[in-house]
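Okay, protein_33.cif now, which holds mmCIF, C-alpha atoms and all ligand atoms:
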```cif
data_query
loop_
_atom_site.label_atom_id
_atom_site.label_comp_id
_atom_site.auth_asym_id
_atom_site.auth_seq_id
_atom_site.Cartn_x
_atom_site.Cartn_y
_atom_site.Cartn_z
CA MET A 271 34.94 71.31 99.08
CA PRO A 272 37.17 73.89 97.43
CA PRO A 273 35.44 76.11 94.88
CA PHE A 274 35.51 74.86 91.29
CA ALA A 275 38.46 76.92 90.15
CA PRO A 276 40.72 74.53 88.27
CA SER A 277 42.28 76.98 85.93
CA SER A 278 45.38 77.99 87.89
CA VAL A 279 46.54 74.44 88.60
CA ARG A 280 45.60 73.23 85.16
CA ALA A 281 47.34 76.18 83.53
CA ALA A 282 50.47 75.49 85.56
CA VAL A 283 50.42 71.81 84.53
CA ALA A 284 49.94 72.77 80.89
CA ALA A 285 52.88 75.20 81.14
CA ASP A 286 55.04 72.44 82.70
CA ILE A 287 54.20 70.13 79.79
CA ARG A 288 54.91 72.80 77.18
CA ARG A 289 58.28 73.42 78.81
CA HIS A 290 59.36 69.80 79.45
CA GLY A 291 57.23 67.53 77.28
CA PRO A 292 55.05 64.79 78.84
CA ILE A 293 55.51 64.93 82.63
CA PRO A 294 55.29 62.14 85.25
CA LEU A 295 51.97 61.84 87.06
CA ASP A 296 53.79 62.65 90.34
CA GLN A 297 54.38 66.19 89.09
CA VAL A 298 50.74 66.65 88.17
CA LEU A 299 49.61 65.35 91.57
CA GLU A 300 52.09 67.59 93.37
CA ARG A 301 50.37 70.59 91.80
CA ALA A 302 46.82 69.22 92.00
CA LEU A 303 47.08 68.53 95.73
CA TYR A 304 49.61 70.98 97.11
CA ASP A 305 50.12 73.89 94.71
CA ARG A 306 50.01 77.10 96.75
CA ASP A 307 47.85 78.63 94.05
CA GLY A 308 44.81 76.36 93.82
CA GLY A 309 46.07 72.97 95.07
CA PHE A 310 43.32 70.91 96.75
CA TYR A 311 44.81 71.10 100.27
CA GLU A 312 45.61 74.80 99.92
CA SER A 313 42.04 75.61 98.86
CA GLY A 314 40.15 74.23 101.86
CA GLY A 315 40.17 70.52 100.99
CA ARG A 316 40.52 68.47 104.19
CA ALA A 317 39.53 65.47 106.30
CA GLY A 318 36.47 65.79 108.54
CA ARG A 319 32.70 65.89 108.57
CA GLN A 320 32.80 69.40 107.14
CA GLY A 321 35.54 68.36 104.77
CA ASP A 322 35.87 65.91 101.91
CA PHE A 323 36.51 62.49 103.46
CA LEU A 324 36.47 60.80 106.88
CA THR A 325 39.58 59.36 108.49
CA SER A 326 39.81 57.35 111.71
CA PRO A 327 40.50 60.37 113.97
CA GLU A 328 37.53 62.14 112.37
CA VAL A 329 35.18 59.27 113.29
CA GLY A 330 35.38 60.45 116.92
CA PRO A 331 37.70 60.58 119.95
CA LEU A 332 38.06 56.81 120.44
CA PHE A 333 40.87 56.39 117.88
CA GLY A 334 42.99 59.05 119.60
CA ALA A 335 42.25 57.50 123.01
CA VAL A 336 43.66 54.15 121.84
CA ILE A 337 46.71 55.81 120.30
CA ALA A 338 47.26 57.62 123.63
CA ARG A 339 47.50 54.19 125.29
CA ALA A 340 50.08 53.02 122.76
CA LEU A 341 52.08 56.25 123.24
CA ASP A 342 52.17 55.64 126.99
CA ALA A 343 53.38 52.06 126.53
CA TRP A 344 56.15 53.17 124.13
CA TRP A 345 57.14 55.95 126.53
CA LEU A 346 57.56 53.44 129.35
CA ASP A 347 59.53 51.14 127.03
CA LEU A 348 61.92 54.00 126.30
CA GLY A 349 62.44 54.56 130.06
CA SER A 350 59.98 57.49 130.37
CA PRO A 351 62.15 60.12 128.62
CA ASP A 352 61.41 63.79 129.23
CA PRO A 353 61.03 65.31 126.73
CA TYR A 354 59.11 62.63 124.80
CA VAL A 355 58.65 63.80 121.21
CA VAL A 356 55.70 62.55 119.19
CA VAL A 357 55.50 63.72 115.57
CA ASP A 358 52.07 63.64 113.92
CA ALA A 359 53.01 63.73 110.23
CA GLY A 360 50.32 64.85 107.81
CA ALA A 361 48.37 66.13 110.80
CA GLY A 362 45.54 67.55 108.68
CA PRO A 363 43.34 69.89 110.75
CA GLY A 364 44.79 68.55 114.04
CA THR A 365 41.97 66.26 115.15
CA LEU A 366 44.23 63.36 116.12
CA ALA A 367 46.30 65.70 118.28
CA ARG A 368 43.20 67.03 120.06
CA THR A 369 41.82 63.57 120.78
CA ILE A 370 45.15 62.20 122.03
CA LEU A 371 45.52 65.12 124.43
CA ALA A 372 41.87 64.82 125.51
CA ALA A 373 42.61 61.23 126.58
CA ALA A 374 45.14 62.65 129.10
CA PRO A 375 47.96 60.13 128.57
CA ALA A 376 50.34 59.52 131.48
CA CYS A 377 53.23 60.76 129.31
CA ALA A 378 51.58 64.21 128.97
CA PRO A 379 53.97 66.11 131.28
CA ALA A 380 56.90 64.94 129.13
CA LEU A 381 55.07 65.16 125.83
CA ARG A 382 56.26 67.38 123.00
CA TYR A 383 53.57 66.93 120.35
CA VAL A 384 54.72 68.09 116.92
CA LEU A 385 52.05 68.49 114.25
CA VAL A 386 53.64 68.42 110.79
CA GLU A 387 51.36 69.56 108.01
CA ARG A 388 52.54 70.89 104.66
CA SER A 389 49.31 72.70 103.82
CA ALA A 390 49.32 76.23 105.24
CA ALA A 391 45.51 76.29 105.09
CA GLN A 392 45.36 73.31 107.44
CA ARG A 393 48.16 74.52 109.71
CA ARG A 394 46.01 77.56 110.39
CA LEU A 395 43.41 75.20 111.93
CA HIS A 396 45.89 73.79 114.46
CA ALA A 397 45.52 76.74 116.81
CA GLN A 398 41.82 75.90 117.28
CA GLY A 399 41.69 74.07 120.59
CA LEU A 400 45.41 73.30 120.76
CA PRO A 401 47.75 75.37 122.93
CA LEU A 402 50.41 75.94 120.29
CA GLU A 403 53.85 77.05 121.44
CA ASP A 404 57.03 78.32 119.87
CA PRO A 405 58.83 75.31 118.28
CA ALA A 406 61.96 76.19 120.25
CA LEU A 407 60.09 75.10 123.40
CA ALA A 408 59.32 71.64 122.03
CA PHE A 409 62.94 70.97 121.32
CA ALA A 410 64.25 72.46 124.55
CA PRO A 411 67.90 71.62 125.11
CA VAL A 412 68.61 68.36 126.92
CA ASP A 413 71.76 67.20 128.62
CA PRO A 414 73.51 65.15 125.88
CA ASP A 415 74.79 62.53 128.37
CA THR A 416 71.70 61.92 130.47
CA GLU A 417 69.02 63.06 127.99
CA ALA A 418 67.50 64.91 130.98
CA PRO A 419 65.82 68.24 130.23
CA VAL A 420 67.67 71.37 131.21
CA PRO A 421 66.09 72.87 134.36
CA GLU A 422 64.11 75.61 132.62
CA ALA A 423 62.35 73.21 130.21
CA PRO A 424 58.61 73.74 130.76
CA GLU A 425 56.17 70.95 131.59
CA GLY A 426 54.20 69.32 128.77
CA PRO A 427 52.16 68.71 126.89
CA ILE A 428 53.69 71.24 124.54
CA CYS A 429 52.28 71.36 121.01
CA VAL A 430 53.93 72.93 118.00
CA SER A 431 52.88 73.11 114.38
CA LEU A 432 55.44 72.80 111.58
CA ALA A 433 55.43 72.53 107.79
CA ASP A 434 58.18 69.90 107.60
CA LEU A 435 59.58 67.04 109.65
CA PRO A 436 61.87 68.46 112.35
CA ARG A 437 65.50 67.45 112.81
CA LEU A 438 65.75 65.76 116.19
CA THR A 439 68.46 64.14 118.24
CA GLY A 440 66.54 61.99 120.74
CA PRO A 441 64.23 59.01 120.19
CA SER A 442 60.79 59.95 118.95
CA VAL A 443 57.59 58.41 117.68
CA VAL A 444 56.49 59.42 114.19
CA LEU A 445 52.79 58.79 113.50
CA ALA A 446 51.33 59.08 110.00
CA ASN A 447 47.62 58.43 109.67
CA GLU A 448 46.59 58.39 106.02
CA LEU A 449 49.59 60.42 104.93
CA LEU A 450 51.34 57.98 102.60
CA ASP A 451 48.28 57.46 100.38
CA ASN A 452 48.28 61.20 99.78
CA LEU A 453 51.87 61.57 98.59
CA PRO A 454 52.31 62.04 94.84
CA PHE A 455 53.01 58.83 92.92
CA GLY A 456 53.86 57.83 89.36
CA LEU A 457 52.11 55.29 87.19
CA ALA A 458 53.44 52.27 85.24
CA GLU A 459 51.68 50.00 82.77
CA HIS A 460 52.71 46.58 81.47
CA ARG A 461 52.38 46.35 77.67
CA SER A 462 53.66 43.69 75.28
CA GLY A 463 56.08 42.25 77.81
CA GLU A 464 57.58 45.48 79.16
CA TRP A 465 56.85 48.13 81.77
CA LEU A 466 56.08 51.62 80.48
CA GLU A 467 55.64 54.86 82.39
CA VAL A 468 52.28 56.58 81.98
CA ARG A 469 52.99 60.31 81.71
CA VAL A 470 50.67 63.26 81.21
CA ASP A 471 50.69 65.21 77.96
CA LEU A 472 48.62 67.87 76.25
CA HIS A 473 46.45 66.86 73.35
CA THR A 474 46.08 69.57 70.80
CA PRO A 475 44.23 69.13 67.49
CA ALA A 476 47.63 69.06 65.75
CA SER A 477 48.68 66.00 67.75
CA GLY A 478 46.13 63.78 66.05
CA PRO A 479 43.46 61.49 67.53
CA PHE A 480 43.37 61.06 71.31
CA PRO A 481 45.93 58.43 72.33
CA SER A 482 43.69 57.39 75.25
CA PRO A 483 40.35 58.56 76.61
CA ALA A 484 40.53 62.29 77.17
CA ALA A 485 40.50 63.46 80.76
CA GLY A 486 40.55 67.20 80.36
CA GLU A 487 37.88 69.70 81.23
CA GLY A 488 36.41 70.32 77.83
CA SER A 489 39.06 72.83 76.93
CA PHE A 490 40.81 72.99 73.58
CA GLU A 491 44.02 71.42 74.92
CA ARG A 492 43.19 68.30 76.84
CA LEU A 493 45.32 66.42 79.34
CA VAL A 494 45.93 62.92 78.05
CA GLU A 495 48.04 59.95 79.00
CA ARG A 496 51.24 59.25 77.06
CA ARG A 497 53.27 56.07 77.51
CA VAL A 498 57.06 56.33 77.51
CA PRO A 499 59.79 53.80 78.42
CA LEU A 500 60.09 53.27 82.18
CA ALA A 501 63.49 53.91 83.82
CA PRO A 502 65.38 50.56 83.86
CA ASP A 503 65.82 50.46 87.67
CA ARG A 504 62.09 50.95 88.17
CA ALA A 505 61.24 48.35 85.54
CA ALA A 506 63.60 45.89 87.25
CA LEU A 507 61.89 46.53 90.59
CA LEU A 508 58.43 45.97 89.09
CA ASP A 509 59.65 42.77 87.40
CA ARG A 510 60.54 41.50 90.87
CA LEU A 511 57.39 42.73 92.65
CA VAL A 512 54.94 41.69 89.91
CA PRO A 513 56.31 38.44 88.44
CA THR A 514 53.29 37.61 86.25
CA PRO A 515 51.60 40.84 85.11
CA THR A 516 48.76 40.68 82.62
CA ASP A 517 48.90 42.88 79.52
CA GLY A 518 47.61 46.33 80.47
CA ALA A 519 48.23 45.84 84.21
CA ARG A 520 48.88 49.11 86.01
CA VAL A 521 50.66 49.93 89.27
CA PRO A 522 51.64 53.08 91.15
CA ILE A 523 55.30 53.94 91.66
CA GLN A 524 55.53 55.38 95.16
CA SER A 525 58.94 57.02 95.30
CA ALA A 526 57.78 59.95 97.46
CA ALA A 527 56.42 57.54 100.09
CA GLY A 528 59.81 55.81 100.21
CA THR A 529 61.62 59.13 100.58
CA TRP A 530 59.26 60.14 103.37
CA LEU A 531 59.87 56.84 105.19
CA ARG A 532 63.64 57.33 104.97
CA ASP A 533 63.29 60.84 106.45
CA ALA A 534 60.89 59.68 109.15
CA LEU A 535 63.23 56.87 110.21
CA ALA A 536 66.00 59.45 110.56
CA VAL A 537 63.71 61.50 112.84
CA ALA A 538 62.77 58.48 114.98
CA THR A 539 66.32 57.19 115.34
CA PRO A 540 67.66 56.09 117.76
CA ARG A 541 65.20 53.73 119.52
CA GLY A 542 61.99 55.41 118.39
CA ARG A 543 59.49 54.15 115.85
CA VAL A 544 57.57 55.14 112.74
CA VAL A 545 53.91 54.11 112.67
CA ALA A 546 52.05 54.50 109.36
CA ILE A 547 48.34 53.70 109.19
CA ASP A 548 46.81 53.44 105.74
CA TYR A 549 45.03 51.34 103.18
CA ALA A 550 47.91 49.22 101.98
CA THR A 551 48.66 46.07 100.06
CA MET A 552 51.28 44.54 97.76
CA THR A 553 52.21 45.81 94.30
CA ALA A 554 51.18 42.51 92.66
CA ASP A 555 47.73 42.83 94.22
CA LEU A 556 47.40 46.36 92.79
CA ALA A 557 48.49 45.04 89.37
CA SER A 558 45.73 42.44 89.46
CA ARG A 559 42.98 45.02 90.09
CA PRO A 560 41.56 47.83 87.94
CA GLN A 561 43.24 51.20 88.50
CA GLY A 562 39.94 52.78 89.57
CA GLU A 563 39.87 50.52 92.64
CA TRP A 564 43.18 51.65 94.12
CA LEU A 565 43.57 55.17 92.67
CA ARG A 566 40.61 57.08 94.05
CA THR A 567 39.43 60.67 94.09
CA TYR A 568 37.15 62.32 96.64
CA ALA A 569 35.36 65.61 97.04
CA ALA A 570 32.67 66.52 99.58
CA HIS A 571 32.39 62.89 100.77
CA HIS A 572 31.74 61.51 97.29
CA ARG A 573 33.96 59.67 94.88
CA GLY A 574 35.35 62.25 92.48
CA ALA A 575 36.14 62.31 88.77
CA SER A 576 39.14 61.00 86.82
CA PRO A 577 42.43 62.08 88.46
CA LEU A 578 43.30 64.36 85.54
CA ALA A 579 39.92 66.11 85.64
CA ASN A 580 39.13 69.22 87.68
CA LEU A 581 42.70 69.52 88.99
CA GLY A 582 42.78 71.10 92.44
CA THR A 583 39.16 70.44 93.33
CA GLN A 584 39.38 66.82 94.51
CA ASP A 585 41.57 64.66 96.71
CA ILE A 586 43.61 62.05 94.84
CA THR A 587 44.75 59.02 96.84
CA CYS A 588 46.40 55.70 96.17
CA GLU A 589 46.57 52.48 98.15
CA VAL A 590 50.04 52.13 99.62
CA ALA A 591 52.35 49.40 98.25
CA ILE A 592 53.96 47.84 101.33
CA ASP A 593 56.60 46.02 99.30
CA GLN A 594 57.73 49.30 97.69
CA LEU A 595 58.18 50.84 101.16
CA ALA A 596 60.07 47.68 102.15
CA GLN A 597 62.75 48.65 99.61
CA ILE A 598 63.70 51.38 102.11
CA ARG A 599 63.28 49.05 105.11
CA PRO A 600 60.84 46.19 105.64
CA PRO A 601 58.29 47.02 108.35
CA THR A 602 59.00 45.47 111.75
CA SER A 603 55.31 44.82 112.21
CA ASP A 604 52.24 44.81 109.94
CA MET A 605 48.78 44.37 111.49
CA SER A 606 45.25 45.22 110.47
CA GLN A 607 43.91 48.37 112.13
CA ALA A 608 41.25 46.24 113.87
CA ASP A 609 43.86 43.91 115.40
CA TRP A 610 46.16 46.80 116.30
CA LEU A 611 43.43 48.80 118.04
CA ARG A 612 42.38 45.70 119.97
CA HIS A 613 46.01 45.04 120.90
CA TRP A 614 46.13 48.51 122.48
CA GLY A 615 42.99 48.07 124.54
CA MET A 616 40.12 49.23 122.36
CA ASP A 617 37.82 46.52 123.72
CA ASP A 618 38.38 47.68 127.33
CA LEU A 619 37.58 51.27 126.41
CA VAL A 620 34.43 50.21 124.58
CA GLU A 621 33.27 47.94 127.40
CA ALA A 622 33.74 50.78 129.90
CA ALA A 623 31.71 53.03 127.58
CA ARG A 624 28.97 50.39 127.29
CA GLN A 625 28.69 50.16 131.05
CA ALA A 626 28.64 53.94 131.41
CA TRP A 627 25.80 54.13 128.90
CA ARG A 628 23.81 51.35 130.60
CA ALA A 629 24.18 53.07 133.95
CA ARG A 630 22.78 56.35 132.59
CA ALA A 631 20.55 55.22 129.70
CA HIS A 632 17.37 55.96 131.68
CA ALA A 633 18.39 59.63 132.07
CA PRO A 634 21.29 60.24 129.70
CA ASP A 635 23.58 63.21 130.23
CA LEU A 636 26.30 64.42 127.85
CA ALA A 637 28.86 61.98 129.26
CA ALA A 638 26.45 59.09 128.72
CA LEU A 639 25.81 60.17 125.15
CA ALA A 640 29.57 60.38 124.52
CA ALA A 641 29.88 56.84 125.91
CA ARG A 642 27.09 55.67 123.62
CA SER A 643 28.77 57.17 120.58
CA ARG A 644 32.08 55.53 121.55
CA VAL A 645 30.41 52.15 120.95
CA THR A 646 29.30 53.25 117.48
CA GLU A 647 32.76 54.65 116.73
CA ALA A 648 34.30 51.27 117.58
CA ASP A 649 32.10 49.57 114.97
CA ALA A 650 33.37 51.96 112.29
CA LEU A 651 37.03 51.70 113.32
CA LEU A 652 36.98 47.89 113.43
CA ASP A 653 34.81 47.32 110.34
CA PRO A 654 36.58 44.54 108.37
CA GLU A 655 35.26 46.00 105.11
CA GLY A 656 36.27 49.55 106.00
CA LEU A 657 38.71 51.22 108.40
CA GLY A 658 39.38 47.98 110.28
CA ARG A 659 41.01 46.62 107.12
CA PHE A 660 43.65 49.37 107.03
CA ARG A 661 47.20 48.25 107.80
CA VAL A 662 49.25 49.56 110.71
CA LEU A 663 52.88 49.41 109.62
CA GLU A 664 55.57 49.92 112.24
CA TRP A 665 59.28 50.39 111.79
CA PHE A 666 61.42 50.30 114.93
CA ALA A 667 64.30 52.70 114.47
CA VAL A 668 67.59 51.14 115.46
CA SER A 669 70.79 53.11 115.10
CA ARG A 670 71.97 55.94 112.91
C1 LIG A 701 44.46 62.30 104.10
S1 LIG A 701 44.99 63.66 105.02
C2 LIG A 701 45.09 62.90 106.62
C3 LIG A 701 44.99 63.91 107.74
C4 LIG A 701 45.03 63.31 109.13
N1 LIG A 701 46.25 62.59 109.39
C5 LIG A 701 43.86 62.41 109.40
O1 LIG A 701 44.06 61.21 109.55
O2 LIG A 701 42.72 62.91 109.41
C6 LIG A 701 46.71 63.79 104.56
C7 LIG A 701 47.36 65.08 105.03
O3 LIG A 701 48.76 65.00 104.81
C8 LIG A 701 49.23 66.28 104.41
N2 LIG A 701 50.53 66.09 103.77
C9 LIG A 701 50.79 65.65 102.54
N3 LIG A 701 52.10 65.56 102.33
C10 LIG A 701 52.71 65.94 103.48
C11 LIG A 701 54.05 66.01 103.90
N4 LIG A 701 55.06 65.68 103.10
N5 LIG A 701 54.31 66.46 105.15
C12 LIG A 701 53.30 66.81 105.98
N6 LIG A 701 51.98 66.75 105.62
C13 LIG A 701 51.70 66.30 104.39
C14 LIG A 701 48.12 66.77 103.52
O4 LIG A 701 48.17 68.17 103.34
C15 LIG A 701 46.87 66.31 104.29
O5 LIG A 701 46.46 67.27 105.22
#
```
Represent the structure of the file as structure tokens.
Ligand SMILES: C[S@@+](CC[C@H](N)C(=O)[O-])C[C@H]1O[C@@H](n2cnc3c(N)ncnc32)[C@H](O)[C@@H]1O
Amino acid sequence: MPPFAPSSVRAAVAADIRRHGPIPLDQVLERALYDRDGGFYESGGRAGRQGDFLTSPEVGPLFGAVIARALDAWWLDLGSPDPYVVVDAGAGPGTLARTILAAAPACAPALRYVLVERSAAQRRLHAQGLPLEDPALAFAPVDPDTEAPVPEAPEGPICVSLADLPRLTGPSVVLANELLDNLPFGLAEHRSGEWLEVRVDLHTPASGPFPSPAAGEGSFERLVERRVPLAPDRAALLDRLVPTPTDGARVPIQSAAGTWLRDALAVATPRGRVVAIDYATMTADLASRPQGEWLRTYAAHHRGASPLANLGTQDITCEVAIDQLAQIRPPTSDMSQADWLRHWGMDDLVEAARQAWRARAHAPDLAALAARSRVTEADALLDPEGLGRFRVLEWFAVSR
């Protein structure tokens, strides 16, 4: 967990509000999560056992092994291109990359594996156990007619680490495991028949009684919520997505996730695909549930405080609204993580592991213990109340 040092982020948010008036929640989250000076992900916050929350790749190597199978199948579908570019967006510390490569996929000699991670602190972790190369190598020139690599292109897998999505010309696969829930989002509330935007303001003694429960850190100026009219186009969208909201219903507005999807589709085009894995549902479902269920904070593997408290010291995540992403393009496929992992052969891998364990259980070696833990990993990844309930959303890129 990052040290409790909220002042720089909080001071920057307060300065933003003094300059512009009440600011959208997206802007607060942008600073709280990604500010170079004290943002959660720049201060050591991360996925992993030694981090703040567990994701599927952090459960163990099985998740990456199943993804490696899917990557091979998509590679064959594309006609075994070389190079074959796979972009791991929001790569975190690089665990998914390591486990995919450890599974030795057949596409490895053609593979250009691009880790994209905006946090510099996490990009520094990519070199641990991954043979990082100069990005120019990953995007080695190809013959524009045949898409064949030029003769001097080296054999893969070649891994590179970038801060932003690359600009590519060939088909590619863009993976995003638990990225979209971590992109800044705004907040809307339905009151007296209309949608309002919930912004963040400073409460000072001169501004009268708190307009809503204070969420500051005990300082003189507290961060408080302030409702303002919602932009008409956004209100019209919410009217369509949530036809019968109750008074006080709240929903996230996930514009950054939509922008990311548009950019990712441009990277995958032509003939590639974007695969986003996340906790996801529909906007009307979010509206029917309390905000605390779908807007969650985490630090050191525990649920954290209110999102406006302790800025920079906790992760802030939001369930992904599939129907808001569909405004950019409806997903081609939407499956539960459990079904998707089974589709790509998880049960075979687990059965092989079970047999390996049985064969060695009387005198287990390290390989037998790894096989044993693969069975336990499968339970966690398929759990219908947990990771198995995540959605795997796929968009097949068509033409530019
Ligand atoms: C919840 S973590 C998931 C990490 C990893 N994919 C996993 O499953 O363990 C989300 C990661 O996305 C990164 N991130 C957020 N916005 C990003 C963006 N626009 N581009 C690349 N990475 C981003 C964050 O810094 C964070 O490391």
I want to know what sits within 12 Å of A:Val298, based on all atoms listed in the file, with residues of the same chain fewer than 6 positions away left out; could you give that as a PyMOL selection string? chain A and resi 279-287+292+304-305+309+453-457+468-471+493-495+577-582+586
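Distance annotation: of A:Asp609, A:Glu491, A:Asp548, A:Glu664, the residue with the minimal separation from ligand LIG 701 (chain A) is A:Asp548; atom set is all atoms listed in the file.
Considering all atoms listed in the file, the residue among A:Ala591, A:Cys429, A:Ala554, A:Ile293 positioned nearest to A:Arg497 is A:Ile293.
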Check which residues fall inside 6 Å of ligand LIG 701 (chain A) when counting only C-alpha atoms and all ligand atoms, and print them as a list in words. Tyr311, Ala317, Thr325, Pro327, Ala359, Gly360, Ala361, Gly362, Val386, Glu387, Arg388, Ser389, Asp434, Asn447, Glu448, Leu449, Asn452 and Leu453 of chain A
Of the listed residues A:Glu589, A:Asp347, A:Glu403, A:Asp503, that which approaches A:Ser431 most closely, counting all atoms listed in the file: A:Glu403
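What separates atom CA of A:Pro499 from atom CA of A:Asp296 is a distance of 16.0 Å.
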List as a PyMOL selection string the protein and nucleic acid residues near A:Ser350, meaning an atom at most 12 Å away when all atoms listed in the file are counted, but skip any in the same chain fewer than 4 places from it. chain A and resi 341-346+354-355+376-381+417-418+441-442
Output C-alpha atoms for every residue in that selection, as a PDB file, keeping the file's coordinate frame.
```
ATOM      1  CA  LEU A 341      52.080  56.250 123.240  1.00  0.00           C
ATOM      2  CA  ASP A 342      52.170  55.640 126.990  1.00  0.00           C
ATOM      3  CA  ALA A 343      53.380  52.060 126.530  1.00  0.00           C
ATOM      4  CA  TRP A 344      56.150  53.170 124.130  1.00  0.00           C
ATOM      5  CA  TRP A 345      57.140  55.950 126.530  1.00  0.00           C
ATOM      6  CA  LEU A 346      57.560  53.440 129.350  1.00  0.00           C
ATOM      7  CA  TYR A 354      59.110  62.630 124.800  1.00  0.00           C
ATOM      8  CA  VAL A 355      58.650  63.800 121.210  1.00  0.00           C
ATOM      9  CA  ALA A 376      50.340  59.520 131.480  1.00  0.00           C
ATOM     10  CA  CYS A 377      53.230  60.760 129.310  1.00  0.00           C
ATOM     11  CA  ALA A 378      51.580  64.210 128.970  1.00  0.00           C
ATOM     12  CA  PRO A 379      53.970  66.110 131.280  1.00  0.00           C
ATOM     13  CA  ALA A 380      56.900  64.940 129.130  1.00  0.00           C
ATOM     14  CA  LEU A 381      55.070  65.160 125.830  1.00  0.00           C
ATOM     15  CA  GLU A 417      69.020  63.060 127.990  1.00  0.00           C
ATOM     16  CA  ALA A 418      67.500  64.910 130.980  1.00  0.00           C
ATOM     17  CA  PRO A 441      64.230  59.010 120.190  1.00  0.00           C
ATOM     18  CA  SER A 442      60.790  59.950 118.950  1.00  0.00           C
TER      19      SER A 442
END
```
In terms of the shortest atom-to-atom distance over only C-alpha atoms, which of A:Tyr549, A:Trp665, A:Phe310, A:Trp465 is closest to A:Leu445? A:Trp665
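If you look at atom CA of A:Pro427 and atom CA of A:Gly399, they are 13.3 Å away from each other.
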